[in-house]
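Structure file run_7.cif; described as mmCIF, C-alpha atoms (C1' of nucleotides).
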```
data_run
#
loop_
_atom_site.group_PDB
_atom_site.id
_atom_site.type_symbol
_atom_site.label_atom_id
_atom_site.label_comp_id
_atom_site.auth_asym_id
_atom_site.auth_seq_id
_atom_site.Cartn_x
_atom_site.Cartn_y
_atom_site.Cartn_z
ATOM 1 C CA MET A 1 1.143 -1.208 14.966
ATOM 2 C CA ARG A 2 3.712 -0.125 12.489
ATOM 3 C CA LEU A 3 6.601 2.281 12.234
ATOM 4 C CA ASN A 4 6.317 4.918 9.565
ATOM 5 C CA THR A 5 8.693 5.046 6.646
ATOM 6 C CA LYS A 6 10.348 8.254 7.740
ATOM 7 C CA SER A 7 11.779 6.626 10.829
ATOM 8 C CA ARG A 8 12.767 3.508 8.995
ATOM 9 C CA TYR A 9 14.415 5.444 6.209
ATOM 10 C CA ALA A 10 16.214 7.637 8.720
ATOM 11 C CA VAL A 11 17.749 4.600 10.352
ATOM 12 C CA MET A 12 18.626 3.067 6.997
ATOM 13 C CA ALA A 13 20.212 6.251 5.727
ATOM 14 C CA LEU A 14 22.254 6.801 8.867
ATOM 15 C CA ALA A 15 23.371 3.199 8.940
ATOM 16 C CA ASP A 16 24.436 3.661 5.342
ATOM 17 C CA MET A 17 26.480 6.716 6.280
ATOM 18 C CA ALA A 18 28.005 4.981 9.259
ATOM 19 C CA SER A 19 29.577 2.374 7.053
ATOM 20 C CA PHE A 20 31.719 4.897 5.194
ATOM 21 C CA ASN A 21 34.571 7.216 6.046
ATOM 22 C CA PRO A 22 33.118 9.385 8.799
ATOM 23 C CA ASN A 23 35.002 12.514 7.786
ATOM 24 C CA LYS A 24 33.946 12.798 4.183
ATOM 25 C CA PRO A 25 30.560 14.403 3.515
ATOM 26 C CA ILE A 26 28.097 12.012 1.948
ATOM 27 C CA SER A 27 25.545 13.395 -0.466
ATOM 28 C CA LEU A 28 21.899 12.510 -0.197
ATOM 29 C CA ARG A 29 22.066 11.633 -3.856
ATOM 30 C CA ASP A 30 24.411 8.766 -3.091
ATOM 31 C CA ILE A 31 22.299 7.528 -0.209
ATOM 32 C CA SER A 32 19.228 7.820 -2.385
ATOM 33 C CA LEU A 33 20.793 5.602 -5.039
ATOM 34 C CA ARG A 34 22.199 3.025 -2.658
ATOM 35 C CA GLN A 35 19.119 2.696 -0.477
ATOM 36 C CA SER A 36 16.426 3.319 -3.089
ATOM 37 C CA ILE A 37 14.883 6.209 -1.213
ATOM 38 C CA SER A 38 13.612 9.274 -3.035
ATOM 39 C CA LEU A 39 16.048 12.159 -2.838
ATOM 40 C CA GLN A 40 13.415 14.667 -1.879
ATOM 41 C CA TYR A 41 12.065 12.465 0.815
ATOM 42 C CA LEU A 42 15.561 12.108 2.210
ATOM 43 C CA GLU A 43 15.842 15.867 2.276
ATOM 44 C CA GLN A 44 12.851 16.129 4.555
ATOM 45 C CA ILE A 45 14.278 13.498 6.826
ATOM 46 C CA PHE A 46 17.740 15.008 7.029
ATOM 47 C CA LEU A 47 16.342 18.405 7.795
ATOM 48 C CA LYS A 48 15.001 16.942 11.004
ATOM 49 C CA LEU A 49 18.129 14.971 11.747
ATOM 50 C CA LYS A 50 20.095 18.151 11.366
ATOM 51 C CA LYS A 51 17.850 20.174 13.637
ATOM 52 C CA TYR A 52 18.334 17.486 16.227
ATOM 53 C CA ASN A 53 22.108 17.619 15.774
ATOM 54 C CA ILE A 54 22.539 14.062 14.641
ATOM 55 C CA VAL A 55 24.169 15.175 11.408
ATOM 56 C CA ARG A 56 25.694 18.382 10.201
ATOM 57 C CA SER A 57 25.598 19.609 6.644
ATOM 58 C CA VAL A 58 28.288 20.796 4.250
ATOM 59 C CA ARG A 59 26.857 22.908 1.485
ATOM 60 C CA GLY A 60 28.109 23.362 -2.017
ATOM 61 C CA SER A 61 29.564 20.939 -4.458
ATOM 62 C CA ASN A 62 31.259 17.932 -2.907
ATOM 63 C CA GLY A 63 29.127 18.696 0.089
ATOM 64 C CA GLY A 64 26.742 16.420 1.862
ATOM 65 C CA TYR A 65 26.112 15.313 5.411
ATOM 66 C CA VAL A 66 28.435 14.115 8.145
ATOM 67 C CA LEU A 67 27.514 12.280 11.325
ATOM 68 C CA SER A 68 28.019 14.715 14.152
ATOM 69 C CA LYS A 69 29.160 11.988 16.555
ATOM 70 C CA ASN A 70 30.762 8.579 16.430
ATOM 71 C CA SER A 71 28.309 6.010 15.245
ATOM 72 C CA ASN A 72 28.657 4.053 18.473
ATOM 73 C CA ASN A 73 27.460 7.140 20.234
ATOM 74 C CA ILE A 74 24.262 7.670 18.265
ATOM 75 C CA LYS A 75 21.421 5.836 19.922
ATOM 76 C CA LEU A 76 18.411 4.835 17.894
ATOM 77 C CA SER A 77 16.240 6.563 20.454
ATOM 78 C CA GLU A 78 17.754 9.868 19.376
ATOM 79 C CA ILE A 79 16.841 9.190 15.787
ATOM 80 C CA PHE A 80 13.247 8.511 16.661
ATOM 81 C CA SER A 81 13.104 11.608 18.797
ATOM 82 C CA ALA A 82 14.417 13.669 15.924
ATOM 83 C CA LEU A 83 11.505 12.526 13.810
ATOM 84 C CA ASN A 84 8.940 13.106 16.553
ATOM 85 C CA GLU A 85 8.263 9.435 16.512
ATOM 86 C CA ASN A 86 8.846 8.816 20.137
ATOM 87 C CA VAL A 87 6.603 5.902 20.771
ATOM 88 C CA LYS A 88 3.190 7.006 21.906
ATOM 89 C CA THR A 89 1.130 3.920 21.552
ATOM 90 C CA ILE A 90 -2.272 5.390 22.285
ATOM 91 C CA GLY A 91 -4.590 8.314 22.458
ATOM 92 C CA CYS A 92 -4.974 8.775 26.230
ATOM 93 C CA ASP A 93 -3.654 12.047 27.445
ATOM 94 C CA LYS A 94 -0.850 10.637 29.507
ATOM 95 C CA ASN A 95 0.039 13.814 31.272
ATOM 96 C CA SER A 96 -3.268 14.520 32.897
ATOM 97 C CA LYS A 97 -3.231 12.101 35.769
ATOM 98 C CA LYS A 98 -6.972 11.858 35.740
ATOM 99 C CA GLY A 99 -9.138 11.789 32.659
ATOM 100 C CA CYS A 100 -8.199 9.925 29.497
ATOM 101 C CA ASN A 101 -11.260 10.162 27.344
ATOM 102 C CA GLY A 102 -12.647 13.248 28.949
ATOM 103 C CA ARG A 103 -13.863 11.144 31.818
ATOM 104 C CA SER A 104 -13.048 11.638 35.408
ATOM 105 C CA THR A 105 -10.822 8.618 35.907
ATOM 106 C CA LYS A 106 -7.903 7.031 34.155
ATOM 107 C CA CYS A 107 -9.024 4.493 31.629
ATOM 108 C CA ILE A 108 -8.762 0.920 32.745
ATOM 109 C CA THR A 109 -5.741 0.152 30.602
ATOM 110 C CA HIS A 110 -3.924 3.426 31.049
ATOM 111 C CA ASP A 111 -0.937 2.099 32.968
ATOM 112 C CA LEU A 112 -0.493 -0.729 30.515
ATOM 113 C CA TRP A 113 0.289 1.614 27.645
ATOM 114 C CA ASP A 114 2.655 3.597 29.785
ATOM 115 C CA GLU A 115 4.542 0.433 30.545
ATOM 116 C CA LEU A 116 4.600 -0.578 26.902
ATOM 117 C CA ASP A 117 6.029 2.765 25.877
ATOM 118 C CA LEU A 118 8.812 2.363 28.399
ATOM 119 C CA HIS A 119 9.502 -1.119 27.151
ATOM 120 C CA ILE A 120 9.843 -0.069 23.541
ATOM 121 C CA ASN A 121 11.834 3.040 24.227
ATOM 122 C CA ALA A 122 14.237 1.002 26.315
ATOM 123 C CA PHE A 123 14.905 -1.119 23.261
ATOM 124 C CA PHE A 124 15.868 1.887 21.180
ATOM 125 C CA GLU A 125 17.842 3.354 24.031
ATOM 126 C CA ASN A 126 20.098 0.323 24.070
ATOM 127 C CA LYS A 127 20.917 0.218 20.383
ATOM 128 C CA ASN A 128 23.275 2.457 18.481
ATOM 129 C CA LEU A 129 24.212 2.821 14.855
ATOM 130 C CA GLU A 130 27.406 0.874 15.297
ATOM 131 C CA ASP A 131 25.388 -2.137 16.472
ATOM 132 C CA LEU A 132 23.538 -2.101 13.183
ATOM 133 C CA ILE A 133 26.484 -2.225 10.858
ATOM 134 C CA ARG A 134 28.436 -4.883 12.750
ATOM 135 C CA ASN A 135 27.138 -7.653 10.516
ATOM 136 C CA MET B 1 4.085 4.146 16.027
ATOM 137 C CA ARG B 2 0.684 3.762 17.468
ATOM 138 C CA LEU B 3 -1.758 1.009 18.293
ATOM 139 C CA ASN B 4 -5.103 1.204 16.562
ATOM 140 C CA THR B 5 -8.284 1.704 18.507
ATOM 141 C CA LYS B 6 -9.601 -1.754 17.798
ATOM 142 C CA SER B 7 -6.821 -3.374 19.761
ATOM 143 C CA ARG B 8 -7.021 -0.858 22.558
ATOM 144 C CA TYR B 9 -10.765 -1.174 22.832
ATOM 145 C CA ALA B 10 -10.502 -4.954 22.781
ATOM 146 C CA VAL B 11 -8.198 -4.877 25.759
ATOM 147 C CA MET B 12 -10.364 -2.341 27.562
ATOM 148 C CA ALA B 13 -13.521 -4.311 26.955
ATOM 149 C CA LEU B 14 -12.007 -7.588 28.080
ATOM 150 C CA ALA B 15 -10.505 -5.997 31.148
ATOM 151 C CA ASP B 16 -13.949 -4.630 31.886
ATOM 152 C CA MET B 17 -15.445 -8.098 31.598
ATOM 153 C CA ALA B 18 -12.733 -9.638 33.713
ATOM 154 C CA SER B 19 -13.657 -7.478 36.653
ATOM 155 C CA PHE B 20 -17.147 -8.968 36.909
ATOM 156 C CA ASN B 21 -18.598 -12.359 37.724
ATOM 157 C CA PRO B 22 -17.025 -14.608 35.123
ATOM 158 C CA ASN B 23 -20.043 -16.873 34.759
ATOM 159 C CA LYS B 24 -22.691 -14.310 33.956
ATOM 160 C CA PRO B 25 -22.904 -13.178 30.331
ATOM 161 C CA ILE B 26 -22.119 -9.508 29.886
ATOM 162 C CA SER B 27 -23.871 -7.612 27.120
ATOM 163 C CA LEU B 28 -21.973 -5.382 24.768
ATOM 164 C CA ARG B 29 -24.491 -2.700 25.624
ATOM 165 C CA ASP B 30 -23.208 -2.605 29.186
ATOM 166 C CA ILE B 31 -19.589 -2.531 28.126
ATOM 167 C CA SER B 32 -20.425 0.162 25.623
ATOM 168 C CA LEU B 33 -21.913 2.353 28.334
ATOM 169 C CA ARG B 34 -19.198 1.783 30.898
ATOM 170 C CA GLN B 35 -16.257 2.212 28.558
ATOM 171 C CA SER B 36 -17.735 4.779 26.172
ATOM 172 C CA ILE B 37 -17.202 2.671 23.087
ATOM 173 C CA SER B 38 -19.762 2.546 20.296
ATOM 174 C CA LEU B 39 -21.906 -0.572 20.488
ATOM 175 C CA GLN B 40 -21.531 -1.368 16.825
ATOM 176 C CA TYR B 41 -17.827 -0.969 16.942
ATOM 177 C CA LEU B 42 -17.702 -3.383 19.857
ATOM 178 C CA GLU B 43 -19.672 -5.847 17.794
ATOM 179 C CA GLN B 44 -16.971 -5.869 15.149
ATOM 180 C CA ILE B 45 -14.332 -6.390 17.760
ATOM 181 C CA PHE B 46 -16.102 -9.183 19.574
ATOM 182 C CA LEU B 47 -16.748 -11.016 16.361
ATOM 183 C CA LYS B 48 -13.007 -11.404 16.028
ATOM 184 C CA LEU B 49 -12.493 -12.244 19.674
ATOM 185 C CA LYS B 50 -15.078 -14.957 19.325
ATOM 186 C CA LYS B 51 -13.537 -16.434 16.201
ATOM 187 C CA TYR B 52 -10.301 -16.610 18.090
ATOM 188 C CA ASN B 53 -11.992 -18.330 21.014
ATOM 189 C CA ILE B 54 -11.218 -15.679 23.573
ATOM 190 C CA VAL B 55 -14.902 -15.209 24.369
ATOM 191 C CA ARG B 56 -18.009 -17.210 23.693
ATOM 192 C CA SER B 57 -21.450 -15.764 23.060
ATOM 193 C CA VAL B 58 -24.819 -16.402 24.653
ATOM 194 C CA ARG B 59 -27.635 -15.298 22.418
ATOM 195 C CA GLY B 60 -31.077 -14.111 23.347
ATOM 196 C CA SER B 61 -32.234 -11.892 26.125
ATOM 197 C CA ASN B 62 -29.993 -11.794 29.165
ATOM 198 C CA GLY B 63 -27.324 -13.004 26.824
ATOM 199 C CA GLY B 64 -23.976 -11.458 26.162
ATOM 200 C CA TYR B 65 -20.400 -12.616 26.126
ATOM 201 C CA VAL B 66 -18.390 -14.729 28.554
ATOM 202 C CA LEU B 67 -14.630 -15.098 28.770
ATOM 203 C CA SER B 68 -13.798 -18.558 27.563
ATOM 204 C CA LYS B 69 -10.907 -18.942 29.987
ATOM 205 C CA ASN B 70 -9.823 -17.610 33.342
ATOM 206 C CA SER B 71 -8.627 -14.075 33.038
ATOM 207 C CA ASN B 72 -5.198 -15.038 34.341
ATOM 208 C CA ASN B 73 -4.972 -17.367 31.420
ATOM 209 C CA ILE B 74 -5.716 -14.869 28.676
ATOM 210 C CA LYS B 75 -2.507 -13.339 27.463
ATOM 211 C CA LEU B 76 -2.560 -9.961 25.776
ATOM 212 C CA SER B 77 -0.672 -11.491 22.880
ATOM 213 C CA GLU B 78 -3.740 -13.601 22.122
ATOM 214 C CA ILE B 79 -5.912 -10.527 21.990
ATOM 215 C CA PHE B 80 -3.637 -8.827 19.533
ATOM 216 C CA SER B 81 -3.474 -11.924 17.409
ATOM 217 C CA ALA B 82 -7.237 -12.099 17.325
ATOM 218 C CA LEU B 83 -7.337 -8.633 15.832
ATOM 219 C CA ASN B 84 -4.571 -9.355 13.326
ATOM 220 C CA GLU B 85 -2.518 -6.757 15.030
ATOM 221 C CA ASN B 86 0.467 -8.892 15.661
ATOM 222 C CA VAL B 87 3.253 -6.424 15.657
ATOM 223 C CA LYS B 88 4.802 -6.064 12.227
ATOM 224 C CA THR B 89 6.778 -2.949 12.518
ATOM 225 C CA ILE B 90 7.791 -2.574 8.925
ATOM 226 C CA GLY B 91 7.254 -3.258 5.273
ATOM 227 C CA CYS B 92 10.126 -5.634 4.508
ATOM 228 C CA ASP B 93 8.984 -9.052 3.537
ATOM 229 C CA LYS B 94 10.363 -10.879 6.510
ATOM 230 C CA ASN B 95 9.808 -14.333 5.160
ATOM 231 C CA SER B 96 11.868 -14.065 2.039
ATOM 232 C CA LYS B 97 15.366 -14.374 3.327
ATOM 233 C CA LYS B 98 16.720 -12.295 0.521
ATOM 234 C CA GLY B 99 15.062 -9.272 -0.948
ATOM 235 C CA CYS B 100 13.249 -6.672 1.131
ATOM 236 C CA ASN B 101 12.499 -3.957 -1.329
ATOM 237 C CA GLY B 102 12.666 -6.088 -4.415
ATOM 238 C CA ARG B 103 16.412 -5.931 -4.205
ATOM 239 C CA SER B 104 18.704 -8.863 -4.042
ATOM 240 C CA THR B 105 19.876 -8.472 -0.460
ATOM 241 C CA LYS B 106 18.284 -7.923 2.915
ATOM 242 C CA CYS B 107 17.952 -4.268 3.700
ATOM 243 C CA ILE B 108 20.542 -2.903 6.045
ATOM 244 C CA THR B 109 18.185 -2.667 8.997
ATOM 245 C CA HIS B 110 16.257 -5.855 8.410
ATOM 246 C CA ASP B 111 17.430 -7.717 11.475
ATOM 247 C CA LEU B 112 16.752 -4.737 13.685
ATOM 248 C CA TRP B 113 13.030 -4.805 13.004
ATOM 249 C CA ASP B 114 12.923 -8.516 13.558
ATOM 250 C CA GLU B 115 14.450 -8.014 16.946
ATOM 251 C CA LEU B 116 12.069 -5.200 17.773
ATOM 252 C CA ASP B 117 9.078 -7.348 16.921
ATOM 253 C CA LEU B 118 10.329 -10.041 19.243
ATOM 254 C CA HIS B 119 10.858 -7.506 21.970
ATOM 255 C CA ILE B 120 7.334 -6.106 21.760
ATOM 256 C CA ASN B 121 5.632 -9.434 21.399
ATOM 257 C CA ALA B 122 7.466 -10.675 24.459
ATOM 258 C CA PHE B 123 5.902 -7.862 26.417
ATOM 259 C CA PHE B 124 2.398 -8.910 25.437
ATOM 260 C CA GLU B 125 3.238 -12.539 25.959
ATOM 261 C CA ASN B 126 4.023 -11.859 29.596
ATOM 262 C CA LYS B 127 0.885 -9.933 30.458
ATOM 263 C CA ASN B 128 -2.546 -11.350 31.046
ATOM 264 C CA LEU B 129 -5.933 -9.825 31.742
ATOM 265 C CA GLU B 130 -5.674 -10.523 35.442
ATOM 266 C CA ASP B 131 -2.541 -8.384 35.604
ATOM 267 C CA LEU B 132 -4.518 -5.461 34.284
ATOM 268 C CA ILE B 133 -7.293 -5.455 36.825
ATOM 269 C CA ARG B 134 -5.103 -5.966 39.879
ATOM 270 C CA ASN B 135 -5.018 -2.255 40.598
ATOM 271 C "C1'" DG C 1 -44.854 -12.613 20.301
ATOM 272 C "C1'" DG C 2 -41.900 -9.282 21.666
ATOM 273 C "C1'" DA C 3 -37.716 -7.806 23.625
ATOM 274 C "C1'" DT C 4 -33.051 -8.524 23.981
ATOM 275 C "C1'" DA C 5 -28.757 -9.305 22.180
ATOM 276 C "C1'" DC C 6 -25.682 -11.406 19.016
ATOM 277 C "C1'" DT C 7 -24.318 -11.625 13.612
ATOM 278 C "C1'" DT C 8 -22.758 -9.844 9.403
ATOM 279 C "C1'" DG C 9 -21.644 -7.187 5.317
ATOM 280 C "C1'" DA C 10 -21.336 -2.850 3.185
ATOM 281 C "C1'" DC C 11 -20.385 1.707 3.288
ATOM 282 C "C1'" DT C 12 -18.133 6.355 4.485
ATOM 283 C "C1'" DA C 13 -15.843 10.560 6.466
ATOM 284 C "C1'" DA C 14 -11.784 11.956 8.345
ATOM 285 C "C1'" DT C 15 -7.100 11.462 9.088
ATOM 286 C "C1'" DT C 16 -2.534 10.043 8.219
ATOM 287 C "C1'" DT C 17 1.099 8.580 5.321
ATOM 288 C "C1'" DA C 18 4.224 8.732 1.967
ATOM 289 C "C1'" DG C 19 5.545 10.900 -0.818
ATOM 290 C "C1'" DT C 20 6.114 14.831 -5.111
ATOM 291 C "C1'" DC C 21 6.769 19.602 -6.895
ATOM 292 C "C1'" DG C 22 8.975 23.691 -7.430
ATOM 293 C "C1'" DG C 23 11.462 27.106 -6.159
ATOM 294 C "C1'" DG C 24 15.020 28.679 -3.588
ATOM 295 C "C1'" DT C 25 20.395 29.445 -1.296
ATOM 296 C "C1'" DA C 26 25.339 28.320 -0.346
ATOM 297 C "C1'" DT C 27 29.778 26.735 -1.810
ATOM 298 C "C1'" DA C 28 33.587 24.439 -4.434
ATOM 299 C "C1'" DT C 29 36.011 24.225 -8.369
ATOM 300 C "C1'" DA C 30 37.290 25.184 -13.016
ATOM 301 C "C1'" DT D 1 33.015 34.646 -12.158
ATOM 302 C "C1'" DA D 2 30.226 30.894 -14.107
ATOM 303 C "C1'" DT D 3 28.404 26.713 -13.298
ATOM 304 C "C1'" DA D 4 27.373 22.578 -11.257
ATOM 305 C "C1'" DT D 5 26.533 20.425 -7.091
ATOM 306 C "C1'" DA D 6 24.029 19.817 -3.127
ATOM 307 C "C1'" DC D 7 21.576 21.492 0.764
ATOM 308 C "C1'" DC D 8 17.080 24.108 2.171
ATOM 309 C "C1'" DC D 9 12.134 24.597 2.660
ATOM 310 C "C1'" DG D 10 7.152 25.202 2.159
ATOM 311 C "C1'" DA D 11 3.153 23.665 -0.143
ATOM 312 C "C1'" DC D 12 0.631 20.312 -2.172
ATOM 313 C "C1'" DT D 13 -1.577 15.599 -3.228
ATOM 314 C "C1'" DA D 14 -2.895 10.680 -4.070
ATOM 315 C "C1'" DA D 15 -3.505 6.647 -1.749
ATOM 316 C "C1'" DA D 16 -4.220 4.021 2.167
ATOM 317 C "C1'" DT D 17 -5.855 3.368 6.694
ATOM 318 C "C1'" DT D 18 -8.745 4.176 10.582
ATOM 319 C "C1'" DA D 19 -12.540 4.590 13.073
ATOM 320 C "C1'" DG D 20 -16.329 4.261 12.865
ATOM 321 C "C1'" DT D 21 -21.895 4.134 11.076
ATOM 322 C "C1'" DC D 22 -25.861 1.895 8.754
ATOM 323 C "C1'" DA D 23 -28.938 -1.576 7.774
ATOM 324 C "C1'" DA D 24 -30.704 -5.856 7.886
ATOM 325 C "C1'" DG D 25 -30.744 -9.795 9.712
ATOM 326 C "C1'" DT D 26 -30.958 -14.468 13.341
ATOM 327 C "C1'" DA D 27 -31.282 -16.849 17.867
ATOM 328 C "C1'" DT D 28 -33.135 -17.173 22.375
ATOM 329 C "C1'" DC D 29 -35.483 -16.010 26.624
ATOM 330 C "C1'" DC D 30 -39.618 -14.753 29.057
#
```

Spell out the structure here as structure tokens.
Amino acid sequence: MRLNTKSRYAVMALADMASFNPNKPISLRDISLRQSISLQYLEQIFLKLKKYNIVRSVRGSNGGYVLSKNSNNIKLSEIFSALNENVKTIGCDKNSKKGCNGRSTKCITHDLWDELDLHINAFFENKNLEDLIRN
Amino acid sequence: MRLNTKSRYAVMALADMASFNPNKPISLRDISLRQSISLQYLEQIFLKLKKYNIVRSVRGSNGGYVLSKNSNNIKLSEIFSALNENVKTIGCDKNSKKGCNGRSTKCITHDLWDELDLHINAFFENKNLEDLIRN
DNA sequence: GGATACTTGACTAATTTAGTCGGGTATATA
DNA sequence: TATATACCCGACTAAATTAGTCAAGTATCC
């Protein structure tokens, strides 16, 4: 089990932003240099963060991105949602109450994975950006 | 984030075993049929479970595998360890106290992933096979 | 001796990941 | 108004991982 880099980089980049003046746009170029993340990869990530309203963009020179809320109000769970990385630990179709693998019953471990998902999401639900930079 | 099939199948197969007479060897063929998992894939999985002493094997006809402990004494964390799937959510080198990405300092989110790992492993630490089949 | 069932290593197709590439468009500032 | 800055966006790709299969055993029971 492993998180993908997009999610990790998203959290890193946002934590980076959160430690600066929240009113001044921060360019991806700067984040790229500070965090050693490719600029074009950051662009992909921020596109999603923007769609999900976690940041807003300021175009043009001296532009960049601004957090759209206070950092203590941005939960990590939102960030993962923005990147479609809401924890789905397995392949069972969770919505169909019967039939995981095309069979007629739930698979024997079905409820376990449901519980695990809840457990992990709860962790992200209880952490915000501000928590990260208080160190 | 997603668990791989090996770990999932391992848990399914062991849960399957746990719901039968614990003293009679159970063949992989039977598990394969009941759980719709390829026999040869199960063989790979059980090799690891055996090395880790979670099951023991009985060769020859009427042979199969037997749980080496009571099912209420087999924690899910052991199963994941057996398959080398101990949760490592990220790429940072956790052991080197300084330097995640070849840089001189810990990355900004380093401690977060440590905490997450603990959180997930705790979940598996507190679940055993018996818990799974009590439904 | 034959059937059953475990044992083991090597190989492979498909998918996913982690990016890169290249061409935009909008805006500030000189 | 020119130019540089910086966001915007779709398409592509190399590398790694996953999820298996294949083939050839060995041990034991009946």

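When the distance limit is 12 Å and all atoms listed in the file are what count, the residues near D:DT13, minus those fewer than 5 positions from it on the same chain, are C:DT17, C:DA18, C:DG19, C:DT20, C:DC21.
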
Could you list, as a PDB file with C-alpha atoms, keeping the file's coordinate frame, every residue matched by the PyMOL selection byres ((chain B) within 10 of (chain D)) in this structure?
```pdb
ATOM      1  CA  ASN B   4      -5.103   1.204  16.562  1.00  0.00           C
ATOM      2  CA  THR B   5      -8.284   1.704  18.507  1.00  0.00           C
ATOM      3  CA  LYS B   6      -9.601  -1.754  17.798  1.00  0.00           C
ATOM      4  CA  SER B  38     -19.762   2.546  20.296  1.00  0.00           C
ATOM      5  CA  GLN B  40     -21.531  -1.368  16.825  1.00  0.00           C
ATOM      6  CA  TYR B  41     -17.827  -0.969  16.942  1.00  0.00           C
ATOM      7  CA  VAL B  58     -24.819 -16.402  24.653  1.00  0.00           C
ATOM      8  CA  ARG B  59     -27.635 -15.298  22.418  1.00  0.00           C
ATOM      9  CA  GLY B  60     -31.077 -14.111  23.347  1.00  0.00           C
ATOM     10  CA  SER B  61     -32.234 -11.892  26.125  1.00  0.00           C
ATOM     11  CA  ASN B  62     -29.993 -11.794  29.165  1.00  0.00           C
ATOM     12  CA  GLY B  63     -27.324 -13.004  26.824  1.00  0.00           C
TER      13      GLY B  63
END
```

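The coordinates place atom CA of B:Leu129 at 5.9 Å from atom CA of B:Ile74.
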
Rounded to one decimal place, report the atom CA of A:Asn73-atom C1' of C:DT27 distance in Å.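 So the two atoms, atom CA of A:Asn73 and atom C1' of C:DT27, lie 29.6 Å apart.
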
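As for atom CA of A:Ile79 and atom CA of A:Lys48, they are spaced 9.3 Å apart.
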
I need the output of the PyMOL selection byres ((chain A and resi 114-127) around 6) for this file as number ranges by chain; which residues are they? A: 75-77, 111-113, 128

Pull out every residue that the PyMOL selection byres ((chain C) within 6 of (chain B)) matches in the shown coordinates and put them as a ChimeraX atom specification. /C:4-6

Residue with the minimum atom-to-atom distance to chain A, picked from B:Leu3, B:Ala10, B:Leu33, B:Val66 with all atoms listed in the file counted, is B:Leu3
